[in-house]
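Here is structure_18.txt, consisting of compact mmCIF, C-alpha atoms:
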# COMPACT_ATOMS: atom_id res chain seq x y z
CA MET A 23 11.87 -6.11 4.40
CA LYS A 24 9.50 -3.53 5.78
CA LYS A 25 9.85 -1.98 9.21
CA SER A 26 7.58 0.16 11.36
CA VAL A 27 8.44 3.85 11.43
CA GLU A 28 6.89 6.81 13.22
CA LYS A 29 3.15 7.19 12.56
CA LYS A 30 3.48 10.31 10.43
CA SER A 31 2.52 11.32 6.95
CA TYR A 32 5.28 9.59 5.05
CA PHE A 33 3.56 9.50 1.67
CA CYS A 34 4.00 11.91 -1.21
CA PRO A 35 2.69 13.99 -2.93
CA HIS A 36 0.61 16.35 -0.86
CA PRO A 37 -1.02 19.29 -2.65
CA VAL A 38 -0.20 22.91 -1.80
CA PHE A 39 -3.53 24.64 -1.22
CA VAL A 40 -3.58 28.33 -0.39
CA VAL A 41 -6.88 28.77 1.44
CA GLY A 42 -8.66 32.13 1.32
CA THR A 43 -11.13 33.38 3.98
CA TYR A 44 -12.40 36.64 5.43
CA ASP A 45 -11.98 37.45 9.12
CA GLU A 46 -14.47 39.22 11.42
CA HIS A 47 -13.22 42.62 10.27
CA GLU A 48 -13.72 41.59 6.60
CA ASN A 49 -9.96 41.44 6.11
CA PRO A 50 -8.98 38.80 3.54
CA ASN A 51 -6.60 36.08 4.73
CA ILE A 52 -4.67 33.25 3.05
CA MET A 53 -3.02 30.18 4.57
CA ALA A 54 -1.09 27.29 3.02
CA VAL A 55 -2.68 23.89 3.71
CA SER A 56 -1.31 20.51 2.61
CA TRP A 57 -3.62 18.29 4.64
CA GLY A 58 -6.43 17.97 2.12
CA GLY A 59 -7.49 16.66 -1.25
CA MET A 60 -10.36 15.78 -3.52
CA VAL A 61 -13.05 13.80 -1.69
CA CYS A 62 -16.02 13.53 -4.08
CA SER A 63 -16.62 13.94 -7.84
CA ASP A 64 -20.34 14.71 -7.79
CA PRO A 65 -21.01 17.05 -6.15
CA PRO A 66 -17.35 18.03 -6.45
CA CYS A 67 -15.93 18.38 -2.92
CA VAL A 68 -12.48 19.08 -1.49
CA SER A 69 -11.28 18.74 2.08
CA ILE A 70 -8.96 21.03 4.01
CA SER A 71 -7.78 20.40 7.58
CA VAL A 72 -7.00 23.33 9.88
CA ARG A 73 -5.94 23.61 13.53
CA LYS A 74 -8.17 25.63 15.86
CA VAL A 75 -5.30 27.99 16.73
CA ARG A 76 -5.03 29.22 13.14
CA HIS A 77 -6.61 32.54 12.12
CA THR A 78 -8.40 30.66 9.31
CA TYR A 79 -10.40 28.51 11.75
CA PRO A 80 -12.82 31.13 13.15
CA ASN A 81 -13.08 32.61 9.64
CA LEU A 82 -14.30 29.27 8.31
CA MET A 83 -16.74 28.82 11.19
CA ALA A 84 -18.18 32.33 10.74
CA ASN A 85 -18.51 32.37 6.94
CA MET A 86 -18.81 28.66 6.06
CA ALA A 87 -16.92 29.46 2.87
CA PHE A 88 -13.37 29.33 1.54
CA THR A 89 -11.33 29.30 -1.65
CA VAL A 90 -8.57 26.86 -2.59
CA ASN A 91 -5.94 28.59 -4.71
CA ILE A 92 -3.23 26.64 -6.54
CA PRO A 93 0.09 28.47 -6.91
CA SER A 94 2.57 27.96 -9.72
CA LYS A 95 6.13 27.02 -8.77
CA HIS A 96 7.04 30.59 -9.75
CA GLN A 97 4.86 31.72 -6.81
CA ILE A 98 6.41 29.32 -4.31
CA LYS A 99 7.73 32.01 -1.95
CA GLU A 100 4.38 33.78 -1.83
CA ALA A 101 2.65 30.46 -1.10
CA ASP A 102 5.17 29.46 1.56
CA LEU A 103 4.88 32.79 3.35
CA THR A 104 1.17 32.13 3.88
CA GLY A 105 2.03 28.96 5.82
CA VAL A 106 4.60 30.66 8.05
CA ALA A 107 3.11 34.04 8.97
CA SER A 108 -0.17 34.47 10.87
CA GLY A 109 -3.06 36.54 9.61
CA LYS A 110 -3.54 37.64 13.22
CA ARG A 111 -0.47 39.84 12.87
CA MET A 112 -0.35 40.85 9.21
CA ASN A 113 -2.33 41.09 6.00
CA LYS A 114 -0.72 38.21 4.12
CA PHE A 115 -2.19 39.27 0.77
CA ASP A 116 -0.36 42.61 1.12
CA GLU A 117 2.79 41.03 2.48
CA ALA A 118 2.96 38.57 -0.43
CA GLY A 119 2.00 41.17 -3.04
CA LEU A 120 -1.17 39.25 -3.96
CA THR A 121 -4.64 40.56 -4.82
CA PRO A 122 -7.80 39.36 -3.01
CA LYS A 123 -10.89 39.16 -5.20
CA LYS A 124 -14.38 38.58 -3.82
CA TYR A 125 -16.43 35.91 -5.57
CA LYS A 126 -20.00 36.98 -6.23
CA ASP A 127 -22.15 34.71 -4.01
CA ILE A 128 -19.61 33.11 -1.69
CA HIS A 129 -18.07 35.10 1.14
CA ALA A 130 -14.42 34.19 0.59
CA PRO A 131 -11.57 35.90 -1.29
CA TYR A 132 -9.62 34.18 -4.05
CA VAL A 133 -6.09 34.95 -5.18
CA GLU A 134 -6.16 36.78 -8.50
CA GLU A 135 -2.54 35.95 -9.41
CA PHE A 136 -2.65 32.18 -8.80
CA PRO A 137 -3.61 30.17 -11.91
CA VAL A 138 -6.42 28.06 -10.40
CA SER A 139 -9.03 28.96 -7.74
CA MET A 140 -11.79 26.73 -6.44
CA ILE A 141 -14.70 28.53 -4.75
CA CYS A 142 -16.17 26.41 -1.95
CA LYS A 143 -19.00 26.43 0.57
CA VAL A 144 -18.57 24.35 3.72
CA VAL A 145 -20.94 21.37 3.78
CA ASN A 146 -19.37 19.32 6.59
CA ILE A 147 -17.07 19.85 9.58
CA ILE A 148 -15.44 16.90 11.33
CA GLU A 149 -13.31 17.17 14.48
CA LEU A 150 -10.59 14.56 14.08
CA GLY A 151 -8.02 15.60 16.70
CA VAL A 152 -5.58 18.50 16.43
CA HIS A 153 -6.98 19.13 12.96
CA ILE A 154 -10.57 20.00 12.10
CA MET A 155 -11.57 18.84 8.62
CA PHE A 156 -13.75 21.16 6.54
CA ILE A 157 -15.39 19.70 3.47
CA GLY A 158 -16.14 22.25 0.81
CA GLU A 159 -18.50 21.77 -2.09
CA VAL A 160 -16.92 23.35 -5.16
CA ILE A 161 -19.31 26.04 -6.42
CA ASP A 162 -17.05 27.29 -9.21
CA VAL A 163 -13.56 26.74 -10.62
CA LEU A 164 -11.75 29.80 -11.97
CA VAL A 165 -8.69 29.39 -14.18
CA ASP A 166 -6.47 32.01 -15.76
CA GLU A 167 -7.31 31.96 -19.48
CA SER A 168 -3.64 31.78 -20.43
CA MET A 169 -3.39 28.49 -18.49
CA LEU A 170 -5.95 26.62 -20.60
CA ASP A 171 -5.10 24.31 -23.49
CA GLU A 172 -6.83 24.47 -26.88
CA ASN A 173 -9.74 22.42 -25.48
CA GLY A 174 -10.28 24.73 -22.53
CA ILE A 175 -8.75 22.27 -20.05
CA PRO A 176 -6.24 23.54 -17.45
CA ASP A 177 -2.77 22.72 -18.80
CA ILE A 178 -0.33 21.44 -16.18
CA SER A 179 2.64 22.38 -18.36
CA LYS A 180 1.52 26.01 -18.19
CA ILE A 181 0.31 26.05 -14.58
CA GLU A 182 3.47 24.32 -13.26
CA PRO A 183 2.04 23.43 -9.84
CA PHE A 184 4.23 21.89 -7.14
CA ALA A 185 3.92 19.31 -4.39
CA PHE A 186 4.79 19.06 -0.70
CA ASN A 187 6.71 16.13 0.75
CA SER A 188 6.12 16.03 4.50
CA ALA A 189 8.89 13.48 5.18
CA ASP A 190 11.64 15.99 4.38
CA ARG A 191 9.53 19.18 4.56
CA HIS A 192 10.45 20.30 1.06
CA TYR A 193 8.50 21.32 -2.01
CA TYR A 194 9.03 19.46 -5.29
CA ALA A 195 8.21 20.31 -8.88
CA ILE A 196 5.82 18.13 -10.83
CA GLY A 197 8.14 16.22 -13.15
CA GLU A 198 7.90 14.33 -16.41
CA LYS A 199 4.65 12.89 -17.79
CA LEU A 200 4.88 9.14 -17.21
CA MET A 201 1.76 7.46 -18.54
CA GLU A 202 -1.94 7.86 -19.30
CA ALA A 203 -3.98 6.69 -16.31
CA TYR A 204 -6.52 3.83 -16.34
CA THR A 205 -5.08 2.14 -19.42
CA VAL A 206 -3.36 -1.01 -18.06
CA LYS A 207 -5.74 -3.92 -18.59
CA LYS A 208 -3.23 -6.74 -18.35
CA ILE A 209 0.32 -7.20 -17.09
CA LYS A 210 0.97 -10.92 -17.58
CA ASN A 211 0.88 -12.38 -21.09
CA MET B 15 -8.15 37.19 -16.52
CA LYS B 16 -9.77 34.21 -14.88
CA LYS B 17 -12.75 32.40 -16.33
CA SER B 18 -15.13 29.77 -14.99
CA VAL B 19 -14.50 26.23 -16.18
CA GLU B 20 -16.24 22.94 -15.49
CA LYS B 21 -16.58 22.16 -11.75
CA LYS B 22 -14.08 19.33 -11.78
CA SER B 23 -10.89 18.53 -9.96
CA TYR B 24 -8.54 20.77 -11.88
CA PHE B 25 -5.81 20.98 -9.29
CA CYS B 26 -2.63 18.93 -9.12
CA PRO B 27 -1.08 16.88 -7.57
CA HIS B 28 -3.32 14.08 -6.39
CA PRO B 29 -1.68 11.12 -4.61
CA VAL B 30 -1.81 7.59 -5.98
CA PHE B 31 -3.04 5.40 -3.12
CA VAL B 32 -3.39 1.67 -3.68
CA VAL B 33 -5.96 0.65 -1.08
CA GLY B 34 -5.91 -2.88 0.34
CA THR B 35 -8.96 -4.66 1.81
CA TYR B 36 -10.28 -8.20 2.31
CA ASP B 37 -13.58 -9.28 0.78
CA GLU B 38 -16.23 -11.54 2.33
CA HIS B 39 -14.36 -14.65 1.15
CA GLU B 40 -11.14 -13.35 2.75
CA ASN B 41 -9.68 -12.68 -0.68
CA PRO B 42 -7.29 -9.73 -0.64
CA ASN B 43 -8.12 -6.84 -2.97
CA ILE B 44 -6.35 -3.64 -4.07
CA MET B 45 -7.72 -0.55 -5.78
CA ALA B 46 -6.10 2.70 -6.92
CA VAL B 47 -7.61 5.80 -5.27
CA SER B 48 -6.62 9.41 -5.94
CA TRP B 49 -9.48 11.12 -4.10
CA GLY B 50 -7.88 11.32 -0.67
CA GLY B 51 -5.11 12.79 1.42
CA MET B 52 -3.83 13.50 4.89
CA VAL B 53 -6.57 14.94 7.12
CA CYS B 54 -5.12 15.06 10.66
CA SER B 55 -1.64 14.94 12.25
CA ASP B 56 -2.61 13.71 15.74
CA PRO B 57 -4.05 11.15 15.69
CA PRO B 58 -2.65 10.67 12.18
CA CYS B 59 -5.58 10.18 9.80
CA VAL B 60 -5.91 9.78 6.03
CA SER B 61 -9.03 9.93 3.89
CA ILE B 62 -9.96 7.79 0.90
CA SER B 63 -13.13 8.21 -1.15
CA VAL B 64 -14.75 5.21 -2.84
CA ARG B 65 -17.91 4.73 -4.92
CA LYS B 66 -20.47 2.24 -3.64
CA VAL B 67 -20.24 0.18 -6.85
CA ARG B 68 -16.59 -0.66 -6.21
CA HIS B 69 -15.62 -4.04 -4.73
CA THR B 70 -13.67 -2.15 -2.06
CA TYR B 71 -16.80 -0.50 -0.63
CA PRO B 72 -18.45 -3.53 1.04
CA ASN B 73 -15.00 -4.69 2.14
CA LEU B 74 -14.48 -1.44 4.00
CA MET B 75 -17.94 -1.57 5.56
CA ALA B 76 -17.45 -5.17 6.73
CA ASN B 77 -13.93 -4.90 8.11
CA MET B 78 -13.64 -1.20 8.97
CA ALA B 79 -9.98 -1.44 8.01
CA PHE B 80 -7.75 -0.72 5.02
CA THR B 81 -4.17 -0.13 4.00
CA VAL B 82 -2.81 2.70 1.86
CA ASN B 83 0.13 1.52 -0.21
CA ILE B 84 2.36 3.96 -2.10
CA PRO B 85 3.85 2.61 -5.33
CA SER B 86 7.14 3.69 -6.84
CA LYS B 87 7.08 4.99 -10.42
CA HIS B 88 8.72 1.68 -11.36
CA GLN B 89 5.47 0.00 -10.23
CA ILE B 90 3.19 2.34 -12.17
CA LYS B 91 1.64 -0.37 -14.36
CA GLU B 92 0.82 -2.56 -11.37
CA ALA B 93 -0.74 0.43 -9.62
CA ASP B 94 -2.73 1.49 -12.68
CA LEU B 95 -4.10 -2.00 -13.23
CA THR B 96 -5.70 -1.88 -9.78
CA GLY B 97 -7.70 1.18 -10.84
CA VAL B 98 -8.94 -0.39 -14.08
CA ALA B 99 -9.78 -4.01 -13.23
CA SER B 100 -12.46 -5.00 -10.71
CA GLY B 101 -11.75 -7.30 -7.80
CA LYS B 102 -15.19 -8.78 -8.45
CA ARG B 103 -13.75 -10.54 -11.49
CA MET B 104 -10.09 -11.17 -10.67
CA ASN B 105 -7.56 -11.34 -7.87
CA LYS B 106 -5.69 -8.14 -8.61
CA PHE B 107 -2.75 -9.06 -6.36
CA ASP B 108 -2.17 -12.16 -8.52
CA GLU B 109 -2.80 -10.32 -11.76
CA ALA B 110 -0.29 -7.61 -10.86
CA GLY B 111 2.25 -10.04 -9.44
CA LEU B 112 2.04 -8.47 -5.98
CA THR B 113 2.09 -10.11 -2.55
CA PRO B 114 -0.64 -9.49 0.05
CA LYS B 115 0.58 -9.48 3.64
CA LYS B 116 -1.76 -9.49 6.62
CA TYR B 117 -0.98 -6.95 9.32
CA LYS B 118 -1.18 -8.39 12.83
CA ASP B 119 -4.15 -6.64 14.46
CA ILE B 120 -5.90 -4.96 11.54
CA HIS B 121 -7.93 -7.00 9.06
CA ALA B 122 -6.53 -5.58 5.83
CA PRO B 123 -3.75 -6.71 3.49
CA TYR B 124 -0.80 -4.51 2.58
CA VAL B 125 1.34 -4.71 -0.55
CA GLU B 126 4.71 -6.23 0.31
CA GLU B 127 6.46 -4.86 -2.81
CA PHE B 128 5.37 -1.21 -2.55
CA PRO B 129 7.83 0.94 -0.56
CA VAL B 130 5.37 2.52 1.93
CA SER B 131 2.24 1.06 3.55
CA MET B 132 -0.04 2.79 6.04
CA ILE B 133 -2.22 0.50 8.15
CA CYS B 134 -5.56 2.13 8.96
CA LYS B 135 -8.73 1.52 10.94
CA VAL B 136 -11.87 3.32 9.83
CA VAL B 137 -12.94 5.95 12.36
CA ASN B 138 -15.46 7.89 10.29
CA ILE B 139 -17.62 7.39 7.19
CA ILE B 140 -19.23 10.34 5.41
CA GLU B 141 -21.63 10.04 2.45
CA LEU B 142 -20.84 13.01 0.22
CA GLY B 143 -22.49 12.06 -3.08
CA VAL B 144 -21.22 9.54 -5.60
CA HIS B 145 -18.21 9.05 -3.34
CA ILE B 146 -18.26 7.84 0.24
CA MET B 147 -15.35 9.17 2.30
CA PHE B 148 -13.66 6.81 4.75
CA ILE B 149 -11.35 8.34 7.33
CA GLY B 150 -8.70 5.97 8.55
CA GLU B 151 -6.63 6.42 11.68
CA VAL B 152 -3.09 5.36 10.89
CA ILE B 153 -2.18 2.51 13.27
CA ASP B 154 1.25 1.82 11.79
CA VAL B 155 3.46 2.93 8.91
CA LEU B 156 5.63 0.28 7.28
CA VAL B 157 8.52 1.30 5.03
CA ASP B 158 10.96 -0.86 3.12
CA GLU B 159 14.26 -0.57 4.98
CA SER B 160 16.14 0.16 1.75
CA MET B 161 13.94 3.25 1.26
CA LEU B 162 15.02 4.98 4.50
CA ASP B 163 17.72 7.64 4.72
CA GLU B 164 20.52 7.59 7.31
CA ASN B 165 18.13 9.10 9.90
CA GLY B 166 15.46 6.48 9.35
CA ILE B 167 13.19 8.86 7.43
CA PRO B 168 11.55 7.68 4.17
CA ASP B 169 13.68 9.06 1.32
CA ILE B 170 11.70 10.39 -1.63
CA SER B 171 14.70 10.05 -3.95
CA LYS B 172 14.69 6.29 -3.26
CA ILE B 173 10.91 5.76 -3.13
CA GLU B 174 10.30 7.74 -6.35
CA PRO B 175 6.53 8.12 -5.88
CA PHE B 176 4.36 9.66 -8.58
CA ALA B 177 1.33 11.91 -8.83
CA PHE B 178 -1.99 11.91 -10.69
CA ASN B 179 -3.23 14.91 -12.66
CA SER B 180 -6.97 14.57 -13.15
CA ALA B 181 -7.20 17.37 -15.74
CA ASP B 182 -5.36 15.32 -18.39
CA ARG B 183 -5.71 11.90 -16.70
CA HIS B 184 -1.97 11.25 -16.70
CA TYR B 185 0.56 10.27 -14.07
CA TYR B 186 3.59 12.50 -13.48
CA ALA B 187 6.89 11.88 -11.74
CA ILE B 188 7.82 13.93 -8.70
CA GLY B 189 10.44 16.33 -10.08
CA GLU B 190 13.23 18.47 -8.72
CA LYS B 191 13.50 19.60 -5.11
CA LEU B 192 12.52 23.29 -5.13
CA MET B 193 12.75 24.68 -1.60
CA GLU B 194 12.52 23.89 2.09
CA ALA B 195 8.96 24.50 3.31
CA TYR B 196 7.93 27.02 5.98
CA THR B 197 11.05 29.14 5.66
CA VAL B 198 9.83 32.35 3.92
CA LYS B 199 9.32 34.99 6.63
CA LYS B 200 9.42 38.08 4.41
CA ILE B 201 9.13 38.87 0.71
CA LYS B 202 9.28 42.66 0.60
CA ASN B 203 12.42 44.46 1.83

Can you turn what I pasted into structure tokens?
Amino acid sequence: MKKSVEKKSYFCPHPVFVVGTYDEHENPNIMAVSWGGMVCSDPPCVSISVRKVRHTYPNLMANMAFTVNIPSKHQIKEADLTGVASGKRMNKFDEAGLTPKKYKDIHAPYVEEFPVSMICKVVNIIELGVHIMFIGEVIDVLVDESMLDENGIPDISKIEPFAFNSADRHYYAIGEKLMEAYTVKKIKN
Amino acid sequence: MKKSVEKKSYFCPHPVFVVGTYDEHENPNIMAVSWGGMVCSDPPCVSISVRKVRHTYPNLMANMAFTVNIPSKHQIKEADLTGVASGKRMNKFDEAGLTPKKYKDIHAPYVEEFPVSMICKVVNIIELGVHIMFIGEVIDVLVDESMLDENGIPDISKIEPFAFNSADRHYYAIGEKLMEAYTVKKIKN
């Protein structure tokens, strides 16, 4: 039997995006975001949702650009710090011991140490409520060479990303490989 | 050293949403969607992205309502089937041995057997490219009573959801609990 519970995000997994932007003084900033995901394959687009009170919000509005950086579980503390501290009061790259790199044509810093970085330009902004959704078209995807498999595809067993579960506010590892997707054609015999 | 790779969705995790809609003959349909996520806390909103060729697309446009159902890893084959087969040619609820239930005020069926169902009304539609993004305001969240912890919160260790990794097109279990989120205030001493 199913029962109604609070209208919150009680599904899992959420991604852990560390979003990079520049502020008005050209200081690089990073912020952990779990409200987001892939929203289109072609052109490739991702969404991130940010509250107006966050330091990242005016940065997005001014530059119309951001990066989405995917941390490994070995970088979980660095990633978490960026969701707790505010870029208004500290340089979170410095505080976390991470290196901001400027991408050539897009005015947003990516995190050198994190295995995957998506470089995005804002193509849509939608005010939904407490969160403003920014849709970014992915201009480039940068992956640490040591994280690629023999076919040049990012290898999850090397990257070791992690997930956020909002119901209990904890991070979880990505676990065992269960099954190839889009292969079940029939269940009944 | 980071290098540019194909501009695809090379991050992980993606959620596995099984999206419920009714078609023009009032037949219930379900379809697996991994392009989506949480987009706002208040009002609570989720996004799903669907191609126009899918049977779900006209259903969404006609009813402006959908459900997001979260399968357990023990229901992985049923969930995968809904991403392979088309509702144009079969009743996927029947084929997967699942039960459609109508929610009182919203014209969309939810999956009785899946542990979590979010009931949504469409509040925004954005054409991004090959995918059309539908933003649903969450009207209710239904959870199987046996999946709640002693505080009435959905318990991930009971639900056992799973994730999709688009880089290798496989599903992965949610693994070990790593850390409480939003707790790291300092890294350097």

Identify every residue of chain B that has at least one atom within 6 Å of any atom of chain A, counting all atoms listed in the file, and report the result as a PyMOL selection string.
chain B and resi 15-19+21+27+29+49-54+56+63+94-95+98+143-145+154-159+183-196+198-199

May I have the residues within 7 Å of stretch 122-132 of chain A as a list in words, using all atoms listed in the file and disregarding those fewer than 2 positions away in the same chain?
Gly42, Thr43, Tyr44, Pro50, Asn85, Ala87, Phe88, Thr89, Asn91, Phe115, Leu120, Glu134 and Ser139 of chain A

I'd like the superposed copy of chain A - fitted to chain B by least squares over all paired Cα atoms - as a compact mmCIF listing (two decimals) with C-alpha atoms, keeping the file's coordinate frame.
# COMPACT_ATOMS: atom_id res chain seq x y z
CA MET A 23 -8.12 37.18 -16.50
CA LYS A 24 -9.75 34.21 -14.87
CA LYS A 25 -12.73 32.40 -16.33
CA SER A 26 -15.13 29.79 -14.98
CA VAL A 27 -14.50 26.25 -16.17
CA GLU A 28 -16.25 22.96 -15.48
CA LYS A 29 -16.59 22.18 -11.76
CA LYS A 30 -14.07 19.34 -11.76
CA SER A 31 -10.89 18.55 -9.96
CA TYR A 32 -8.54 20.79 -11.89
CA PHE A 33 -5.80 20.98 -9.28
CA CYS A 34 -2.62 18.93 -9.11
CA PRO A 35 -1.08 16.87 -7.57
CA HIS A 36 -3.32 14.08 -6.39
CA PRO A 37 -1.68 11.14 -4.61
CA VAL A 38 -1.81 7.59 -5.98
CA PHE A 39 -3.05 5.41 -3.13
CA VAL A 40 -3.39 1.68 -3.67
CA VAL A 41 -5.98 0.65 -1.08
CA GLY A 42 -5.92 -2.88 0.33
CA THR A 43 -8.97 -4.68 1.82
CA TYR A 44 -10.29 -8.20 2.31
CA ASP A 45 -13.59 -9.29 0.78
CA GLU A 46 -16.24 -11.57 2.33
CA HIS A 47 -14.37 -14.66 1.15
CA GLU A 48 -11.14 -13.36 2.76
CA ASN A 49 -9.67 -12.69 -0.67
CA PRO A 50 -7.28 -9.72 -0.63
CA ASN A 51 -8.11 -6.84 -2.98
CA ILE A 52 -6.35 -3.65 -4.07
CA MET A 53 -7.74 -0.55 -5.79
CA ALA A 54 -6.10 2.70 -6.91
CA VAL A 55 -7.62 5.79 -5.27
CA SER A 56 -6.62 9.40 -5.94
CA TRP A 57 -9.47 11.11 -4.10
CA GLY A 58 -7.87 11.31 -0.68
CA GLY A 59 -5.10 12.79 1.42
CA MET A 60 -3.83 13.51 4.88
CA VAL A 61 -6.55 14.95 7.12
CA CYS A 62 -5.11 15.07 10.66
CA SER A 63 -1.64 14.94 12.26
CA ASP A 64 -2.60 13.71 15.72
CA PRO A 65 -4.05 11.16 15.67
CA PRO A 66 -2.65 10.68 12.17
CA CYS A 67 -5.58 10.18 9.78
CA VAL A 68 -5.92 9.79 6.01
CA SER A 69 -9.05 9.94 3.89
CA ILE A 70 -9.97 7.79 0.91
CA SER A 71 -13.14 8.22 -1.17
CA VAL A 72 -14.75 5.21 -2.85
CA ARG A 73 -17.91 4.72 -4.92
CA LYS A 74 -20.48 2.22 -3.65
CA VAL A 75 -20.23 0.17 -6.86
CA ARG A 76 -16.58 -0.67 -6.21
CA HIS A 77 -15.62 -4.05 -4.73
CA THR A 78 -13.66 -2.15 -2.04
CA TYR A 79 -16.80 -0.51 -0.62
CA PRO A 80 -18.46 -3.54 1.04
CA ASN A 81 -15.00 -4.70 2.14
CA LEU A 82 -14.48 -1.43 4.00
CA MET A 83 -17.95 -1.57 5.55
CA ALA A 84 -17.47 -5.17 6.72
CA ASN A 85 -13.92 -4.90 8.11
CA MET A 86 -13.63 -1.19 9.00
CA ALA A 87 -9.98 -1.44 8.03
CA PHE A 88 -7.76 -0.73 5.03
CA THR A 89 -4.17 -0.14 3.99
CA VAL A 90 -2.83 2.71 1.86
CA ASN A 91 0.13 1.53 -0.21
CA ILE A 92 2.36 3.97 -2.10
CA PRO A 93 3.85 2.62 -5.33
CA SER A 94 7.14 3.70 -6.85
CA LYS A 95 7.08 4.99 -10.43
CA HIS A 96 8.71 1.68 -11.36
CA GLN A 97 5.45 0.01 -10.22
CA ILE A 98 3.19 2.33 -12.18
CA LYS A 99 1.63 -0.38 -14.37
CA GLU A 100 0.83 -2.56 -11.37
CA ALA A 101 -0.75 0.43 -9.61
CA ASP A 102 -2.73 1.48 -12.68
CA LEU A 103 -4.10 -2.01 -13.23
CA THR A 104 -5.69 -1.88 -9.77
CA GLY A 105 -7.71 1.18 -10.84
CA VAL A 106 -8.93 -0.39 -14.09
CA ALA A 107 -9.78 -4.00 -13.25
CA SER A 108 -12.43 -5.02 -10.70
CA GLY A 109 -11.75 -7.31 -7.78
CA LYS A 110 -15.19 -8.80 -8.45
CA ARG A 111 -13.74 -10.55 -11.49
CA MET A 112 -10.09 -11.19 -10.66
CA ASN A 113 -7.54 -11.37 -7.89
CA LYS A 114 -5.67 -8.14 -8.62
CA PHE A 115 -2.74 -9.06 -6.36
CA ASP A 116 -2.15 -12.16 -8.53
CA GLU A 117 -2.79 -10.33 -11.77
CA ALA A 118 -0.28 -7.60 -10.87
CA GLY A 119 2.28 -10.04 -9.46
CA LEU A 120 2.05 -8.46 -5.99
CA THR A 121 2.10 -10.11 -2.56
CA PRO A 122 -0.64 -9.50 0.05
CA LYS A 123 0.58 -9.49 3.64
CA LYS A 124 -1.75 -9.49 6.64
CA TYR A 125 -0.98 -6.94 9.34
CA LYS A 126 -1.18 -8.39 12.84
CA ASP A 127 -4.17 -6.63 14.47
CA ILE A 128 -5.89 -4.95 11.54
CA HIS A 129 -7.93 -6.99 9.08
CA ALA A 130 -6.53 -5.57 5.84
CA PRO A 131 -3.74 -6.72 3.49
CA TYR A 132 -0.80 -4.52 2.58
CA VAL A 133 1.34 -4.72 -0.54
CA GLU A 134 4.72 -6.22 0.29
CA GLU A 135 6.46 -4.86 -2.82
CA PHE A 136 5.37 -1.21 -2.53
CA PRO A 137 7.83 0.95 -0.54
CA VAL A 138 5.36 2.53 1.91
CA SER A 139 2.22 1.06 3.56
CA MET A 140 -0.05 2.79 6.04
CA ILE A 141 -2.22 0.49 8.16
CA CYS A 142 -5.56 2.13 8.97
CA LYS A 143 -8.73 1.51 10.95
CA VAL A 144 -11.88 3.32 9.85
CA VAL A 145 -12.96 5.96 12.37
CA ASN A 146 -15.47 7.91 10.27
CA ILE A 147 -17.63 7.40 7.18
CA ILE A 148 -19.23 10.35 5.41
CA GLU A 149 -21.63 10.06 2.45
CA LEU A 150 -20.84 13.02 0.22
CA GLY A 151 -22.51 12.07 -3.07
CA VAL A 152 -21.22 9.54 -5.60
CA HIS A 153 -18.21 9.07 -3.34
CA ILE A 154 -18.26 7.83 0.25
CA MET A 155 -15.35 9.18 2.30
CA PHE A 156 -13.67 6.81 4.75
CA ILE A 157 -11.37 8.34 7.32
CA GLY A 158 -8.71 5.98 8.55
CA GLU A 159 -6.64 6.43 11.67
CA VAL A 160 -3.09 5.36 10.89
CA ILE A 161 -2.19 2.52 13.27
CA ASP A 162 1.24 1.84 11.79
CA VAL A 163 3.46 2.95 8.91
CA LEU A 164 5.63 0.29 7.28
CA VAL A 165 8.52 1.29 5.02
CA ASP A 166 10.96 -0.87 3.10
CA GLU A 167 14.27 -0.57 4.97
CA SER A 168 16.15 0.16 1.75
CA MET A 169 13.95 3.26 1.27
CA LEU A 170 15.03 4.98 4.49
CA ASP A 171 17.73 7.64 4.72
CA GLU A 172 20.52 7.59 7.32
CA ASN A 173 18.13 9.11 9.89
CA GLY A 174 15.46 6.48 9.35
CA ILE A 175 13.20 8.87 7.42
CA PRO A 176 11.56 7.69 4.17
CA ASP A 177 13.69 9.06 1.32
CA ILE A 178 11.69 10.39 -1.63
CA SER A 179 14.69 10.04 -3.94
CA LYS A 180 14.69 6.30 -3.26
CA ILE A 181 10.92 5.76 -3.13
CA GLU A 182 10.30 7.75 -6.36
CA PRO A 183 6.53 8.12 -5.88
CA PHE A 184 4.36 9.66 -8.59
CA ALA A 185 1.32 11.91 -8.83
CA PHE A 186 -1.99 11.92 -10.69
CA ASN A 187 -3.23 14.92 -12.65
CA SER A 188 -6.98 14.59 -13.14
CA ALA A 189 -7.20 17.39 -15.74
CA ASP A 190 -5.37 15.34 -18.37
CA ARG A 191 -5.71 11.90 -16.71
CA HIS A 192 -1.98 11.24 -16.70
CA TYR A 193 0.55 10.28 -14.07
CA TYR A 194 3.59 12.49 -13.47
CA ALA A 195 6.90 11.89 -11.74
CA ILE A 196 7.83 13.93 -8.70
CA GLY A 197 10.44 16.33 -10.08
CA GLU A 198 13.24 18.47 -8.74
CA LYS A 199 13.50 19.61 -5.11
CA LEU A 200 12.53 23.29 -5.14
CA MET A 201 12.74 24.68 -1.63
CA GLU A 202 12.51 23.89 2.08
CA ALA A 203 8.96 24.50 3.29
CA TYR A 204 7.94 27.01 5.99
CA THR A 205 11.05 29.15 5.65
CA VAL A 206 9.82 32.35 3.93
CA LYS A 207 9.32 34.97 6.62
CA LYS A 208 9.41 38.05 4.43
CA ILE A 209 9.11 38.84 0.73
CA LYS A 210 9.29 42.64 0.60
CA ASN A 211 12.43 44.40 1.82

Separating atom CA of B:Thr70 from atom CA of A:Gly158, to the nearest tenth of an Å, is a gap of 24.7 Å

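From atom CA of A:Arg76 back to atom CA of A:Val55, the distance works out to 11.1 Å.
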